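Everything below belongs to upload19.txt, which stores compact mmCIF, C-alpha atoms and all ligand atoms.
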```
# COMPACT_ATOMS: atom_id res chain seq x y z
CA MET O 1 9.83 -16.46 36.76
CA SER O 2 8.17 -16.54 33.40
CA TRP O 3 8.97 -19.04 30.71
CA LEU O 4 10.01 -16.10 28.58
CA ASP O 5 13.09 -15.88 30.71
CA ASP O 6 15.86 -17.91 29.21
CA THR O 7 17.95 -17.81 32.32
CA ASP O 8 17.11 -20.31 34.97
CA ASP O 9 18.36 -20.58 38.55
CA ASP O 10 17.27 -24.16 38.76
CA ASP O 11 20.57 -26.01 38.55
CA ASP O 12 18.95 -29.01 36.92
CA LEU O 13 18.34 -27.16 33.73
CA ALA O 14 21.97 -26.21 33.22
CA TYR O 15 23.08 -29.80 32.65
CA ASP O 16 22.56 -32.39 30.08
CA GLU O 17 21.39 -35.22 32.27
CA SER O 18 21.31 -37.79 29.54
CA SER O 19 24.88 -37.25 28.47
CA ILE O 20 26.05 -37.46 32.05
CA ARG O 21 24.25 -40.74 32.44
CA SER O 22 25.67 -42.17 29.24
CA ARG O 23 29.26 -41.75 30.37
CA PRO O 24 31.08 -44.09 32.70
CA ASN O 25 30.97 -42.66 36.14
CA PRO O 26 34.60 -42.19 37.23
CA LYS O 27 33.75 -41.80 40.87
CA ALA O 28 31.25 -43.89 42.72
CA ASN O 29 28.39 -41.98 44.32
CA ARG O 30 29.34 -38.87 42.47
CA PRO O 31 26.33 -36.62 42.53
CA ARG O 32 24.60 -36.43 39.15
CA THR O 33 24.36 -32.68 39.50
CA LYS O 34 28.10 -32.06 39.22
CA ARG O 35 28.55 -28.96 37.11
CA ARG O 36 29.68 -29.45 33.52
CA PRO O 37 29.36 -27.31 30.40
CA ALA O 38 26.04 -28.08 28.79
CA HIS O 39 25.89 -28.93 25.10
CA ALA O 40 29.04 -27.25 23.83
CA ASP O 41 28.45 -29.20 20.63
CA ALA O 42 24.92 -27.92 20.04
CA GLN O 43 23.99 -26.61 16.59
CA ILE O 44 21.67 -23.69 16.03
CA VAL O 45 18.67 -24.73 13.96
CA ARG O 46 15.50 -22.98 12.79
CA VAL O 47 12.15 -24.40 13.84
CA LEU O 48 9.99 -24.75 10.72
CA GLY O 49 7.03 -26.65 12.04
CA VAL O 50 5.66 -28.35 15.11
CA ASP O 51 3.60 -31.48 15.21
CA ARG O 52 2.69 -33.37 18.37
CA GLY O 53 5.94 -32.88 20.24
CA ARG O 54 8.09 -33.41 17.17
CA TYR O 55 9.75 -30.49 15.43
CA THR O 56 10.94 -30.10 11.88
CA VAL O 57 14.00 -27.89 11.95
CA LEU O 58 16.43 -26.56 9.39
CA ALA O 59 20.09 -27.28 10.06
CA ASP O 60 23.03 -25.50 8.39
CA GLU O 61 20.69 -22.83 7.05
CA ASP O 62 22.04 -21.36 3.80
CA GLY O 63 25.08 -23.59 4.13
CA PRO O 64 26.24 -26.40 1.83
CA ASP O 65 24.57 -29.02 4.01
CA GLU O 66 21.26 -27.27 4.59
CA ARG O 67 18.78 -29.97 5.53
CA ARG O 68 15.56 -30.66 7.34
CA VAL O 69 15.95 -32.61 10.54
CA LEU O 70 13.39 -34.13 12.83
CA VAL O 71 13.94 -33.46 16.52
CA THR O 72 12.22 -33.90 19.82
CA ARG O 73 12.55 -31.79 22.94
CA ALA O 74 14.82 -32.53 25.85
CA ARG O 75 13.13 -33.08 29.18
CA GLU O 76 15.18 -30.30 30.73
CA LEU O 77 13.13 -27.80 28.74
CA ARG O 78 10.10 -28.77 30.79
CA LYS O 79 7.12 -26.77 29.61
CA GLN O 80 9.02 -24.04 27.82
CA PRO O 81 7.25 -23.55 24.50
CA ILE O 82 9.12 -24.10 21.26
CA VAL O 83 7.41 -22.30 18.41
CA ASN O 84 7.77 -21.71 14.74
CA GLY O 85 10.65 -19.39 13.97
CA ASP O 86 12.55 -20.25 17.12
CA ARG O 87 16.31 -20.61 16.88
CA ALA O 88 16.98 -23.71 18.89
CA ARG O 89 20.10 -25.43 20.15
CA ALA O 90 20.02 -29.01 19.00
CA VAL O 91 22.16 -32.05 19.74
CA GLY O 92 22.15 -35.74 18.88
CA ASP O 93 21.72 -37.17 15.41
CA LEU O 94 21.19 -34.14 13.20
CA SER O 95 22.00 -35.93 9.95
CA GLY O 96 18.40 -35.68 8.84
CA ASP O 97 18.58 -39.31 7.72
CA GLU O 98 15.42 -41.34 7.75
CA GLY O 99 14.54 -42.62 11.20
CA THR O 100 16.88 -40.27 13.06
CA LEU O 101 15.74 -37.97 15.81
CA GLY O 102 17.79 -35.12 17.23
CA ARG O 103 16.99 -33.23 20.39
CA ILE O 104 16.37 -29.59 21.22
CA VAL O 105 18.13 -28.62 24.43
CA GLY O 106 17.65 -24.87 24.44
CA ILE O 107 16.03 -21.87 22.81
CA GLU O 108 18.01 -18.81 21.77
CA ASP O 109 16.80 -15.38 22.85
CA ARG O 110 13.88 -14.23 20.74
CA THR O 111 13.86 -10.93 18.90
CA SER O 112 10.07 -10.86 18.75
CA LEU O 113 7.16 -12.93 19.88
CA LEU O 114 3.71 -12.92 18.34
CA ARG O 115 1.11 -13.85 20.89
CA ARG O 116 -2.59 -14.09 20.93
CA SER O 117 -5.25 -14.83 23.46
CA ALA O 118 -8.42 -16.66 22.57
CA ASP O 119 -10.44 -13.52 23.19
CA ASP O 120 -10.06 -10.12 24.78
CA THR O 121 -10.76 -11.35 28.31
CA ASP O 122 -8.44 -14.34 28.05
CA GLN O 123 -5.31 -13.65 30.04
CA VAL O 124 -3.65 -16.83 28.88
CA GLU O 125 -1.38 -15.88 26.09
CA ARG O 126 -0.44 -18.34 23.42
CA VAL O 127 2.76 -17.93 21.51
CA ILE O 128 2.34 -18.34 17.79
CA VAL O 129 5.57 -17.28 16.13
CA ALA O 130 9.02 -16.20 17.28
CA ASN O 131 11.58 -13.95 15.62
CA ALA O 132 9.38 -12.58 12.84
CA ASP O 133 10.01 -8.93 12.04
CA GLN O 134 7.04 -8.29 9.77
CA MET O 135 3.34 -9.10 9.70
CA LEU O 136 1.59 -9.25 6.35
CA ILE O 137 -2.14 -8.80 6.80
CA VAL O 138 -4.31 -10.22 4.02
CA VAL O 139 -7.82 -8.87 3.48
CA ALA O 140 -10.11 -9.21 0.47
CA ALA O 141 -11.70 -6.23 -1.23
CA ALA O 142 -14.85 -8.35 -1.27
CA ASP O 143 -16.00 -11.92 -0.55
CA PRO O 144 -15.49 -11.77 2.37
CA GLU O 145 -16.15 -8.06 2.96
CA PRO O 146 -13.13 -6.33 4.50
CA ARG O 147 -13.53 -5.21 8.08
CA GLU O 148 -11.53 -2.21 9.21
CA ARG O 149 -11.70 -3.19 12.80
CA LEU O 150 -10.13 -6.56 12.20
CA VAL O 151 -7.20 -4.92 10.44
CA ASP O 152 -6.90 -2.51 13.36
CA ARG O 153 -6.59 -5.47 15.68
CA TYR O 154 -3.94 -7.13 13.54
CA LEU O 155 -2.09 -3.82 13.51
CA VAL O 156 -2.15 -3.61 17.26
CA ALA O 157 -0.94 -7.21 17.55
CA ALA O 158 1.89 -6.51 15.11
CA LEU O 159 3.00 -3.33 16.80
CA ASP O 160 2.76 -4.92 20.20
CA ALA O 161 5.09 -7.68 18.98
CA GLY O 162 7.47 -5.18 17.43
CA MET O 163 6.70 -6.16 13.84
CA ARG O 164 6.42 -3.95 10.81
CA PRO O 165 2.91 -4.29 9.33
CA LEU O 166 2.20 -4.79 5.62
CA LEU O 167 -1.28 -4.97 4.10
CA VAL O 168 -2.32 -6.89 0.99
CA VAL O 169 -5.82 -6.32 -0.36
CA THR O 170 -6.77 -9.25 -2.59
CA LYS O 171 -9.67 -9.67 -5.01
CA THR O 172 -9.49 -6.11 -6.30
CA ASP O 173 -10.98 -7.60 -9.47
CA LEU O 174 -14.20 -7.94 -7.48
CA ALA O 175 -14.38 -4.54 -5.79
CA ASP O 176 -12.60 -1.20 -5.55
CA PRO O 177 -10.80 -1.04 -2.20
CA THR O 178 -10.23 2.74 -2.25
CA GLU O 179 -12.83 3.58 0.35
CA PHE O 180 -11.77 0.76 2.63
CA LEU O 181 -8.14 1.83 2.33
CA SER O 182 -8.91 5.46 3.15
CA HIS O 183 -9.40 4.24 6.71
CA PHE O 184 -5.67 3.62 6.96
CA ASP O 185 -4.43 6.93 5.59
CA GLY O 186 -1.73 8.19 7.86
CA ILE O 187 -0.94 4.83 9.42
CA ASP O 188 2.58 3.57 8.81
CA LEU O 189 1.47 0.76 6.59
CA ARG O 190 2.73 -0.40 3.22
CA VAL O 191 -0.28 -1.42 1.09
CA PHE O 192 -0.35 -3.79 -1.91
CA THR O 193 -3.39 -4.54 -4.03
CA SER O 194 -3.79 -7.88 -5.73
CA ALA O 195 -6.19 -9.32 -8.28
CA GLN O 196 -6.70 -12.83 -9.56
CA GLU O 197 -4.69 -12.28 -12.75
CA ALA O 198 -2.44 -9.55 -11.39
CA MET O 199 -0.70 -10.51 -8.19
CA PRO O 200 2.14 -8.10 -7.33
CA LEU O 201 4.52 -10.95 -6.50
CA ASP O 202 7.74 -9.09 -7.27
CA GLU O 203 6.69 -6.06 -5.21
CA ILE O 204 5.62 -8.18 -2.25
CA GLY O 205 8.76 -10.28 -2.75
CA GLN O 206 10.87 -7.19 -2.48
CA ALA O 207 9.20 -6.34 0.83
CA ILE O 208 9.63 -9.81 2.31
CA ALA O 209 13.14 -10.65 1.03
CA GLY O 210 15.58 -10.53 3.90
CA HIS O 211 12.76 -10.72 6.45
CA ALA O 212 10.68 -13.23 8.36
CA THR O 213 7.08 -12.28 7.68
CA VAL O 214 4.01 -13.72 9.38
CA PHE O 215 1.00 -13.96 7.07
CA VAL O 216 -2.34 -13.49 8.79
CA GLY O 217 -5.88 -13.23 7.53
CA HIS O 218 -9.36 -14.66 7.84
CA SER O 219 -10.13 -17.75 5.83
CA GLY O 220 -11.33 -17.11 2.30
CA VAL O 221 -9.38 -13.92 1.74
CA GLY O 222 -6.89 -15.60 -0.61
CA LYS O 223 -3.98 -16.04 1.76
CA SER O 224 -3.19 -19.57 0.56
CA THR O 225 -3.31 -18.44 -3.04
CA LEU O 226 -0.81 -15.71 -2.21
CA VAL O 227 1.45 -17.92 -0.11
CA ASN O 228 1.48 -20.57 -2.83
CA ALA O 229 2.29 -18.06 -5.52
CA LEU O 230 5.14 -16.61 -3.45
CA THR O 231 6.70 -19.81 -2.16
CA GLY O 232 5.80 -22.31 -4.89
CA SER O 233 6.17 -25.95 -4.00
CA GLU O 234 7.67 -25.13 -0.61
CA ARG O 235 4.24 -24.90 0.85
CA ALA O 236 3.35 -28.44 -0.13
CA ILE O 237 6.56 -29.63 1.51
CA GLY O 238 5.87 -27.68 4.64
CA HIS O 239 2.39 -29.08 4.92
CA VAL O 240 3.25 -32.72 4.54
CA ASN O 241 3.21 -34.30 7.92
CA VAL O 242 6.87 -35.18 8.16
CA VAL O 243 6.39 -37.04 11.41
CA THR O 244 3.79 -39.56 10.39
CA GLY O 245 4.20 -39.21 6.65
CA ARG O 246 0.44 -39.11 6.52
CA GLY O 247 -1.50 -36.69 4.34
CA ARG O 248 -1.65 -33.01 4.92
CA HIS O 249 -0.73 -30.98 7.89
CA THR O 250 -4.00 -30.27 9.64
CA SER O 251 -2.64 -28.89 12.87
CA SER O 252 -3.35 -25.29 13.71
CA SER O 253 0.29 -24.43 14.16
CA ALA O 254 2.18 -22.09 11.91
CA VAL O 255 4.52 -23.27 9.19
CA SER O 256 7.67 -21.58 7.86
CA LEU O 257 8.14 -21.51 4.09
CA ARG O 258 11.05 -20.20 2.13
CA TYR O 259 10.56 -17.36 -0.29
CA ARG O 260 13.09 -17.11 -3.10
CA GLY O 261 12.76 -14.36 -5.64
CA PRO O 262 14.59 -11.73 -7.64
CA ALA O 263 15.16 -9.63 -4.54
CA GLY O 264 16.61 -12.46 -2.48
CA SER O 265 15.21 -14.95 -0.02
CA GLY O 266 13.09 -14.63 3.06
CA TRP O 267 10.72 -16.54 5.29
CA VAL O 268 6.95 -16.69 4.98
CA ILE O 269 5.32 -17.92 8.15
CA ASP O 270 1.81 -19.05 7.34
CA THR O 271 -0.64 -19.18 10.19
CA PRO O 272 -3.54 -21.46 9.23
CA GLY O 273 -4.97 -21.57 12.71
CA VAL O 274 -5.29 -17.91 13.57
CA ARG O 275 -8.97 -17.21 13.29
CA SER O 276 -9.19 -14.60 15.96
CA PHE O 277 -6.78 -12.21 17.48
CA GLY O 278 -7.91 -11.65 21.02
CA LEU O 279 -5.85 -8.87 22.46
CA GLY O 280 -6.21 -9.74 26.12
CA HIS O 281 -2.45 -9.82 26.58
CA VAL O 282 -1.68 -6.53 24.86
CA ASN O 283 -0.64 -3.49 26.80
CA PRO O 284 -3.32 -0.83 26.10
CA ALA O 285 -0.56 1.76 25.98
CA HIS O 286 0.59 0.17 22.73
CA VAL O 287 -2.77 0.68 21.03
CA LEU O 288 -2.11 4.27 20.17
CA GLY O 289 1.07 3.15 18.42
CA ALA O 290 -1.00 1.66 15.61
CA PHE O 291 -2.17 5.14 14.70
CA THR O 292 0.99 7.03 13.91
CA ASP O 293 -0.57 10.40 13.15
CA LEU O 294 -2.83 10.28 16.19
CA ALA O 295 0.03 9.23 18.44
CA GLU O 296 1.96 12.28 17.30
CA VAL O 297 -0.70 14.80 18.28
CA ALA O 298 -1.39 12.88 21.52
CA GLU O 299 1.84 14.35 22.82
CA ASP O 300 -0.20 17.53 23.39
CA CYS O 301 -2.87 15.72 25.42
CA PRO O 302 -3.31 16.51 29.12
CA ARG O 303 -1.32 14.18 31.34
CA GLY O 304 -3.20 10.90 31.86
CA CYS O 305 -5.57 11.54 28.94
CA THR O 306 -7.58 8.42 28.09
CA HIS O 307 -8.18 9.67 24.51
CA LEU O 308 -11.73 8.33 24.88
CA PRO O 309 -14.74 10.30 23.57
CA ASP O 310 -15.39 11.78 27.03
CA ALA O 311 -11.77 12.81 27.69
CA PRO O 312 -11.54 16.56 28.36
CA ASP O 313 -9.18 18.55 26.10
CA CYS O 314 -7.98 15.47 24.22
CA ALA O 315 -5.56 16.84 21.63
CA ILE O 316 -6.38 14.01 19.22
CA ALA O 317 -10.09 14.86 19.23
CA GLU O 318 -9.22 18.54 18.69
CA ALA O 319 -6.84 17.82 15.83
CA VAL O 320 -9.35 15.54 14.12
CA ALA O 321 -12.13 18.11 14.53
CA SER O 322 -9.92 20.82 13.03
CA GLY O 323 -9.56 18.72 9.88
CA ARG O 324 -5.79 19.13 9.76
CA LEU O 325 -5.15 15.37 9.94
CA GLY O 326 -6.88 14.69 6.63
CA PRO O 327 -10.13 13.07 5.59
CA GLY O 328 -9.52 9.59 7.04
CA ALA O 329 -8.67 10.80 10.53
CA ALA O 330 -12.20 10.72 11.91
CA ALA O 331 -12.55 7.06 10.97
CA ARG O 332 -9.18 6.27 12.54
CA LEU O 333 -10.17 8.06 15.72
CA ASP O 334 -13.35 5.93 15.77
CA SER O 335 -11.18 2.87 15.41
CA LEU O 336 -8.90 4.01 18.22
CA HIS O 337 -11.93 4.67 20.40
CA ARG O 338 -13.31 1.19 19.71
CA LEU O 339 -10.05 -0.48 20.67
CA LEU O 340 -9.50 1.67 23.74
CA THR O 341 -13.06 1.01 24.87
CA THR O 342 -12.43 -2.71 24.51
CA PHE O 343 -9.40 -2.39 26.75
CA GLN O 344 -11.32 -0.33 29.28
CA ALA O 345 -13.89 -3.11 29.50
CA ILE O 346 -11.13 -5.67 30.02
CA GLU O 347 -9.58 -3.58 32.79
CA ARG O 348 -12.95 -3.19 34.48
CA SER O 349 -13.74 -6.89 34.41
CA ARG O 350 -10.27 -7.61 35.76
CA LEU O 351 -10.72 -5.20 38.67
CA GLU O 352 -14.16 -6.57 39.46
CA GLY O 353 -12.70 -10.04 39.39
P1 LIG R 1 -7.54 -18.53 2.23
O1 LIG R 1 -8.64 -19.20 2.96
O2 LIG R 1 -7.32 -17.15 2.72
O3 LIG R 1 -6.29 -19.31 2.20
O4 LIG R 1 -8.06 -18.32 0.72
P2 LIG R 1 -7.73 -19.11 -0.60
O5 LIG R 1 -6.37 -18.76 -1.10
O6 LIG R 1 -8.06 -20.54 -0.43
O7 LIG R 1 -8.77 -18.41 -1.60
C1 LIG R 1 -10.16 -18.43 -1.35
C2 LIG R 1 -10.87 -18.29 -2.70
O8 LIG R 1 -10.63 -16.98 -3.24
C3 LIG R 1 -10.37 -19.27 -3.74
O9 LIG R 1 -11.46 -19.73 -4.48
C4 LIG R 1 -9.43 -18.42 -4.59
O10 LIG R 1 -9.37 -18.89 -5.92
C5 LIG R 1 -10.12 -17.07 -4.54
N1 LIG R 1 -9.19 -15.95 -4.77
C6 LIG R 1 -7.96 -15.76 -4.25
N2 LIG R 1 -7.42 -14.61 -4.67
C7 LIG R 1 -8.35 -14.04 -5.48
C8 LIG R 1 -8.39 -12.78 -6.23
O11 LIG R 1 -7.46 -11.98 -6.24
N3 LIG R 1 -9.53 -12.55 -6.93
C9 LIG R 1 -10.58 -13.43 -6.94
N4 LIG R 1 -11.66 -13.10 -7.65
N5 LIG R 1 -10.57 -14.57 -6.25
C10 LIG R 1 -9.47 -14.88 -5.54
ZN ZN R 2 -5.96 12.45 24.38
```
As structure tokens, what does this structure read like?
Ligand code: GDP
Ligand code: ZN
Amino acid sequence: MSWLDDTDDDDDLAYDESSIRSRPNPKANRPRTKRRPAHADAQIVRVLGVDRGRYTVLADEDGPDERRVLVTRARELRKQPIVNGDRARAVGDLSGDEGTLGRIVGIEDRTSLLRRSADDTDQVERVIVANADQMLIVVAAADPEPRERLVDRYLVAALDAGMRPLLVVTKTDLADPTEFLSHFDGIDLRVFTSAQEAMPLDEIGQAIAGHATVFVGHSGVGKSTLVNALTGSERAIGHVNVVTGRGRHTSSSAVSLRYRGPAGSGWVIDTPGVRSFGLGHVNPAHVLGAFTDLAEVAEDCPRGCTHLPDAPDCAIAEAVASGRLGPGAAARLDSLHRLLTTFQAIERSRLEG
């Protein structure tokens, strides 16, 4: 059974051991495992940040008593990961008062799960963020130079996790991103351009209001600048180490920040630690999904077509060669080939052990 499974046949996990222990035992020698409803009084909270086994969660979200609460994890959860964005069931002292510590006893079903592996051959997947429905990819028009392939990989990760991708190109005051962006013609991707003195905050705000959006990007692209501008002082709050009270949050875990703007509120999940997006865990069948126009014509491919350069009668190759998919299609097909080749190499190394 995988930890992704919320159901558990192990009886132990269905009970709140500590609460059983804390009550007077009416019957001597009564087995501790007697069945009782677990945590009927639990509150649903949102996990905002994780730091060394302690979690900052939001209780009574959008209610009159909305507050941040510090909680730990119940032993019954064992090694089940709790990640940013999780809806958790919490019990104990949830007042949020100084010195109090509640307890997470369960995780609600997740609607999405963003994972990464350290590199393409790493089969160990690490969960980064739960329940986000969008991924906002930040690249710079220059300094650092944008790399199409990196965006492709983010796209694949987003689509694999069931998230809608958005792209923000920053630093358009330094370079014209038109050529770079032509690579993504025909991909289902909303694109925003941003310059030092002209950040499209209302437009981006409109796209993220009502959503939970993971922000990803290589360091130096201007992601912090954008996150700060969108969420204001929230970021500073999120990055203070609420557990130790010491300095800045230096951990590599994600942090959830509230966006509030003219179009409503939403969640920005900043991911300071994501330097690479190994795709070792991704199903290669999902790769094609990042290329909407190519996926469409692939329906005419021979059964079992690999869509690789040596694939006979590949309908994608034919459509691209005919020119009917537009000027950017050849570059996208190259991108698809690069990613598919990467997966082929992974498969081969797996088979050869
Ligand atoms: P991060 O590493 O992605 O979080 O990047 P930062 O937000 O720290 O920005 C890196 C550098 O780029 C900083 O010096 C920013 O002032 C600068 N920067 C951010 N956005 C822009 C932009 O639109 N234009 C220019 N010219 N510089 C920018
Ligand atoms: Zn094909």
What's around Thr292 of chain O at 10 Å? Count only C-alpha atoms, leave out sequence neighbours fewer than 5 positions away in its own chain, and write the answer as number ranges by chain. O: 185-189, 297-298
Residue neighbourhood Leu308 of chain O, 10 Å, all atoms listed in the file, exclusion window fewer than 5 positions, as a PyMOL selection string: chain O and resi 314+316-317+333-334+336-341+344
Quick one: residues within 7 Å of ligand ZN 2 (chain R), with all atoms listed in the file, as a list in words? Ala298, Cys301, Pro302, Cys305, Thr306, His307, Ala311, Cys314, Ala315 and Ile316 of chain O
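Taking all atoms listed in the file into account, Leu155 of chain O lies nearest to O:Val138 out of the set O:Ile104, O:Val138, O:Val91, O:Val83.
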Skipping near chain neighbours, those fewer than 4 positions away, what residues fall within 9 Å of Asp86 of chain O using only C-alpha atoms, listed as a PyMOL selection string? chain O and resi 45-48+82+107-110+129-131
Closest atom pairs, chain O residues within 8 Å of ligand LIG 1 (chain R), only C-alpha atoms and all ligand atoms, as JSON lines:
```
{"residue": "O:Val138", "atom": "CA", "partner": "R:LIG1", "partner_atom": "O2", "distance": 7.7}
{"residue": "O:Ala140", "atom": "CA", "partner": "R:LIG1", "partner_atom": "O11", "distance": 7.7}
{"residue": "O:Asp143", "atom": "CA", "partner": "R:LIG1", "partner_atom": "O8", "distance": 7.9}
{"residue": "O:Thr170", "atom": "CA", "partner": "R:LIG1", "partner_atom": "O11", "distance": 4.6}
{"residue": "O:Lys171", "atom": "CA", "partner": "R:LIG1", "partner_atom": "O11", "distance": 3.4}
{"residue": "O:Thr172", "atom": "CA", "partner": "R:LIG1", "partner_atom": "O11", "distance": 6.2}
{"residue": "O:Asp173", "atom": "CA", "partner": "R:LIG1", "partner_atom": "N3", "distance": 5.7}
{"residue": "O:Leu174", "atom": "CA", "partner": "R:LIG1", "partner_atom": "N4", "distance": 5.8}
{"residue": "O:Ser194", "atom": "CA", "partner": "R:LIG1", "partner_atom": "O11", "distance": 5.5}
{"residue": "O:Ala195", "atom": "CA", "partner": "R:LIG1", "partner_atom": "O11", "distance": 3.6}
{"residue": "O:Gln196", "atom": "CA", "partner": "R:LIG1", "partner_atom": "O11", "distance": 3.5}
{"residue": "O:Glu197", "atom": "CA", "partner": "R:LIG1", "partner_atom": "O11", "distance": 7.1}
{"residue": "O:Ala198", "atom": "CA", "partner": "R:LIG1", "partner_atom": "O11", "distance": 7.6}
{"residue": "O:Met199", "atom": "CA", "partner": "R:LIG1", "partner_atom": "O11", "distance": 7.2}
{"residue": "O:Gly217", "atom": "CA", "partner": "R:LIG1", "partner_atom": "O2", "distance": 6.4}
{"residue": "O:His218", "atom": "CA", "partner": "R:LIG1", "partner_atom": "O2", "distance": 6.0}
{"residue": "O:Ser219", "atom": "CA", "partner": "R:LIG1", "partner_atom": "O1", "distance": 3.5}
{"residue": "O:Gly220", "atom": "CA", "partner": "R:LIG1", "partner_atom": "O1", "distance": 3.5}
{"residue": "O:Val221", "atom": "CA", "partner": "R:LIG1", "partner_atom": "O2", "distance": 4.0}
{"residue": "O:Gly222", "atom": "CA", "partner": "R:LIG1", "partner_atom": "O5", "distance": 3.2}
{"residue": "O:Lys223", "atom": "CA", "partner": "R:LIG1", "partner_atom": "O2", "distance": 3.6}
{"residue": "O:Ser224", "atom": "CA", "partner": "R:LIG1", "partner_atom": "O3", "distance": 3.5}
{"residue": "O:Thr225", "atom": "CA", "partner": "R:LIG1", "partner_atom": "O5", "distance": 3.6}
{"residue": "O:Leu226", "atom": "CA", "partner": "R:LIG1", "partner_atom": "O5", "distance": 6.4}
{"residue": "O:Val227", "atom": "CA", "partner": "R:LIG1", "partner_atom": "O5", "distance": 7.9}
{"residue": "O:Pro272", "atom": "CA", "partner": "R:LIG1", "partner_atom": "O3", "distance": 7.8}
```
Could you state the separation of atom CA of Met163 of chain O and atom CA of Pro200 of chain O in Å, given to one decimal place?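 Atom CA of Pro200 of chain O lies at a distance of 21.7 Å from atom CA of Met163 of chain O.
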Among listed residues O:Pro312, O:Met135, O:Arg190, O:Gly328, nearest Thr271 of chain O (using only C-alpha atoms): O:Met135
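Rounded to one decimal, atom CA of Arg103 of chain O and atom CA of Arg89 of chain O lie 8.4 Å from each other.
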Which distance in Å separates atom CA of Leu70 of chain O and atom CA of Ile269 of chain O, to one decimal?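 Here the two named atoms are 18.7 Å from each other.
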